[in-house]
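Peer 1: Starting off with a structure, shown below.
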Amino acid sequence: MDEGSLGNDDLVPITLDLVHGSWRLKDFLLWNVSEDKITPEEFALQLCEDLQYPKAFEEAIVASMKSQLQLHQDNVRKRKHLAYLSEKEETEQRCLITLNIVVNETTRLCDQFEWDIMEPLNSPEVFARALATDLGLSREYEVSIAHSIRTQIENFSAKPELKLPPITEIIRSANLRDEFTPKLIDL
């Protein structure tokens, strides 16, 4: 992630898990909906050329990306509707985000926290950078953290009934503090 990705870009978590014959492509990325320099088709072509994958993967990559981008657009409409309702009711739309991330098969990051999807100042990329910096993690973790948060926001947007109940206590009880503290586990 570069400095530009920390702004107000509309980033969509894209997960590619495709099989064609004996070939498999498993990857994830954050796609900027406002991207005007490359299309999903051009991205798929370049990715297949770079990885020397069969041309058949191009169509599968494009179809997967377009499907996920369409789901994102549907979820944006749902979030706008939730925002309208939230303004009328003055409520938050909090969801529980759970991180369970392994990078380079050496360390697992486990954490959970509440996230208000209606707060316009909440940025998965800014949060990911701060968390990785605070924990002394490599930059590889930043993209993984931001991707995981955005994926869970998308899932929550599709199922707003998963909204957390209103906050009744400002301070967490001692037995819950450990559950909401990041942990690094050596593998």
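Just so we're on the same page: first chain in the structure tokens is A, next is B, and so on; residues restart at 1 for each chain, and ligands are numbered from 1 in the order they show up.
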Taking the backbone alone, and naming residues the way the document does, which bits of chain A are alpha helix (DSSP H) by DSSP, as JSON, numbers by chain?

Peer 2: {"A": [40, 41, 42, 43, 44, 45, 46, 47, 48, 49, 50, 51, 56, 57, 58, 59, 60, 61, 62, 63, 64, 65, 66, 67, 68, 69, 70, 71, 72, 73, 74, 75, 76, 77, 78, 79, 80, 81, 82, 83, 84, 85, 86, 87, 88, 89, 124, 125, 126, 127, 128, 129, 130, 131, 132, 133, 134, 135, 139, 140, 141, 142, 143, 144, 145, 146, 147, 148, 149, 150, 151, 152, 153, 154, 155, 156, 157, 158, 174, 175, 176, 177]}

Peer 1: Which residues come within 12 Å of Val33 in chain A, counting only C-alpha atoms, excluding same-chain residues fewer than 6 positions away, as a VMD selection string?

Peer 2: chain A and resid 5 8 to 14 39 to 40 65 to 66 68 to 70 72 to 73 76

Peer 1: Grab the residues selected above and save them as a PDB file, in the first residue's frame with N, CA and C atoms.

Peer 2:
ATOM      1  N   SER A   5      -2.999   5.088  -1.194  1.00  0.00           N
ATOM      2  CA  SER A   5      -4.050   4.138  -0.848  1.00  0.00           C
ATOM      3  C   SER A   5      -4.615   4.389   0.539  1.00  0.00           C
ATOM      4  N   ASN A   8      -9.271   8.405   0.376  1.00  0.00           N
ATOM      5  CA  ASN A   8     -10.677   8.041   0.299  1.00  0.00           C
ATOM      6  C   ASN A   8     -10.987   7.137  -0.885  1.00  0.00           C
ATOM      7  N   ASP A   9     -10.011   6.390  -1.366  1.00  0.00           N
ATOM      8  CA  ASP A   9     -10.251   5.475  -2.466  1.00  0.00           C
ATOM      9  C   ASP A   9     -11.283   4.438  -2.050  1.00  0.00           C
ATOM     10  N   ASP A  10     -12.061   3.997  -3.017  1.00  0.00           N
ATOM     11  CA  ASP A  10     -13.045   2.954  -2.764  1.00  0.00           C
ATOM     12  C   ASP A  10     -12.390   1.624  -3.113  1.00  0.00           C
ATOM     13  N   LEU A  11     -11.740   1.020  -2.119  1.00  0.00           N
ATOM     14  CA  LEU A  11     -11.001  -0.219  -2.329  1.00  0.00           C
ATOM     15  C   LEU A  11     -11.895  -1.422  -2.050  1.00  0.00           C
ATOM     16  N   VAL A  12     -11.841  -2.387  -2.949  1.00  0.00           N
ATOM     17  CA  VAL A  12     -12.669  -3.584  -2.855  1.00  0.00           C
ATOM     18  C   VAL A  12     -11.752  -4.781  -2.622  1.00  0.00           C
ATOM     19  N   PRO A  13     -12.050  -5.587  -1.597  1.00  0.00           N
ATOM     20  CA  PRO A  13     -11.231  -6.786  -1.402  1.00  0.00           C
ATOM     21  C   PRO A  13     -11.574  -7.821  -2.476  1.00  0.00           C
ATOM     22  N   ILE A  14     -10.578  -8.232  -3.225  1.00  0.00           N
ATOM     23  CA  ILE A  14     -10.758  -9.233  -4.272  1.00  0.00           C
ATOM     24  C   ILE A  14      -9.981 -10.471  -3.857  1.00  0.00           C
ATOM     25  N   THR A  39      -8.009  -1.964 -16.524  1.00  0.00           N
ATOM     26  CA  THR A  39      -9.310  -2.618 -16.353  1.00  0.00           C
ATOM     27  C   THR A  39      -9.085  -4.021 -15.790  1.00  0.00           C
ATOM     28  N   PRO A  40     -10.121  -4.663 -15.274  1.00  0.00           N
ATOM     29  CA  PRO A  40      -9.960  -6.058 -14.847  1.00  0.00           C
ATOM     30  C   PRO A  40      -9.436  -6.949 -15.975  1.00  0.00           C
ATOM     31  N   MET A  65     -13.447 -11.243 -10.630  1.00  0.00           N
ATOM     32  CA  MET A  65     -13.308  -9.848 -10.215  1.00  0.00           C
ATOM     33  C   MET A  65     -14.611  -9.083 -10.430  1.00  0.00           C
ATOM     34  N   LYS A  66     -15.223  -9.253 -11.604  1.00  0.00           N
ATOM     35  CA  LYS A  66     -16.462  -8.521 -11.884  1.00  0.00           C
ATOM     36  C   LYS A  66     -17.579  -8.938 -10.942  1.00  0.00           C
ATOM     37  N   GLN A  68     -17.208  -9.964  -7.823  1.00  0.00           N
ATOM     38  CA  GLN A  68     -16.922  -9.351  -6.527  1.00  0.00           C
ATOM     39  C   GLN A  68     -17.130  -7.839  -6.553  1.00  0.00           C
ATOM     40  N   LEU A  69     -16.821  -7.211  -7.680  1.00  0.00           N
ATOM     41  CA  LEU A  69     -17.060  -5.770  -7.811  1.00  0.00           C
ATOM     42  C   LEU A  69     -18.556  -5.462  -7.813  1.00  0.00           C
ATOM     43  N   GLN A  70     -19.355  -6.324  -8.453  1.00  0.00           N
ATOM     44  CA  GLN A  70     -20.807  -6.133  -8.457  1.00  0.00           C
ATOM     45  C   GLN A  70     -21.377  -6.315  -7.047  1.00  0.00           C
ATOM     46  N   HIS A  72     -19.818  -5.747  -4.334  1.00  0.00           N
ATOM     47  CA  HIS A  72     -19.422  -4.539  -3.613  1.00  0.00           C
ATOM     48  C   HIS A  72     -20.403  -3.396  -3.894  1.00  0.00           C
ATOM     49  N   GLN A  73     -20.752  -3.197  -5.165  1.00  0.00           N
ATOM     50  CA  GLN A  73     -21.700  -2.130  -5.516  1.00  0.00           C
ATOM     51  C   GLN A  73     -23.045  -2.357  -4.828  1.00  0.00           C
ATOM     52  N   VAL A  76     -22.605  -1.377  -1.260  1.00  0.00           N
ATOM     53  CA  VAL A  76     -22.540   0.080  -1.112  1.00  0.00           C
ATOM     54  C   VAL A  76     -23.951   0.650  -1.031  1.00  0.00           C
TER      55      VAL A  76
END

Peer 1: Could you give me, as a list in words, the residues within 9 Å of range 128-143 of chain A, counting only C-alpha atoms and dropping anything in the same chain fewer than 4 positions from it?

Peer 2: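 My reading of the contact set: Met1, Leu29, Leu30, Ile101, Val102, Val103, Leu109, Ser123, Pro124, His147, Ser148, Ile149, Pro182 and Leu184 of chain A.
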
Peer 1: Please identify which residues in chain A DSSP calls strand (DSSP E or B) from the backbone, and express them as a ChimeraX atom specification.

Peer 2: /A:11-20,23-32,94-103,107-116,183-186

Peer 1: I'd like to know which of A:Leu16, A:Leu99, A:Val126, A:Ile117 is closest to Lys183 in chain A, using only C-alpha atoms.

Peer 2: A:Leu99

Peer 1: Considering only C-alpha atoms, return as a list in words whatever protein or nucleic-acid residues lie within 10 Å of Lys55 in chain A, sequence-local ones (same chain, fewer than 4 positions apart) excluded.

Peer 2: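 Final neighbour list, sorted by chain and number: Ala44, Leu45, Cys48, Glu49, Glu59 and Ala60 of chain A.
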
Peer 1: Find the spatial neighbours of Thr106 in chain A, counting only C-alpha atoms, within a cut-off of 9 Å - ignore same-chain residues fewer than 4 positions away - and output them as a ChimeraX atom specification.

Peer 2: /A:102,185-187

Peer 1: Store the residues of this selection in a file with N, CA and C atoms, as a PDB file, in the first residue's frame.

Peer 2:
ATOM      1  N   VAL A 102      -1.787 -15.128   8.783  1.00  0.00           N
ATOM      2  CA  VAL A 102      -0.428 -15.685   8.766  1.00  0.00           C
ATOM      3  C   VAL A 102       0.271 -15.148   7.522  1.00  0.00           C
ATOM      4  N   ILE A 185       1.519 -15.040  17.485  1.00  0.00           N
ATOM      5  CA  ILE A 185       1.841 -16.415  17.832  1.00  0.00           C
ATOM      6  C   ILE A 185       2.889 -16.920  16.840  1.00  0.00           C
ATOM      7  N   ASP A 186       4.052 -17.341  17.368  1.00  0.00           N
ATOM      8  CA  ASP A 186       5.090 -17.901  16.511  1.00  0.00           C
ATOM      9  C   ASP A 186       4.670 -19.293  16.069  1.00  0.00           C
ATOM     10  N   LEU A 187       4.841 -19.577  14.797  1.00  0.00           N
ATOM     11  CA  LEU A 187       4.470 -20.887  14.255  1.00  0.00           C
ATOM     12  C   LEU A 187       5.683 -21.802  14.145  1.00  0.00           C
TER      13      LEU A 187
END

Peer 1: Skipping near chain neighbours, those fewer than 4 positions away, what residues fall within 12 Å of Asp74 in chain A using only C-alpha atoms, listed as an NGL selection string?

Peer 2: :A and (67-70 or 78-81 or 154-155 or 157-159)

Peer 1: Let me make sure I understand: among A:Asp17, A:Pro120, A:Glu42, A:Phe28, which one has the smallest atom-to-atom distance to Ala146 in chain A if we use only C-alpha atoms?

Peer 2: A:Phe28

Peer 1: Mind pulling up the distance from CA of Phe127 in chain A to CA of Ile170 in chain A?

Peer 2: 21.1 Å

Peer 1: Kindly give the distance, in Å, that separates CA of Gln93 in chain A and CA of Arg108 in chain A, rounded to a single decimal.

Peer 2: 28.3 Å
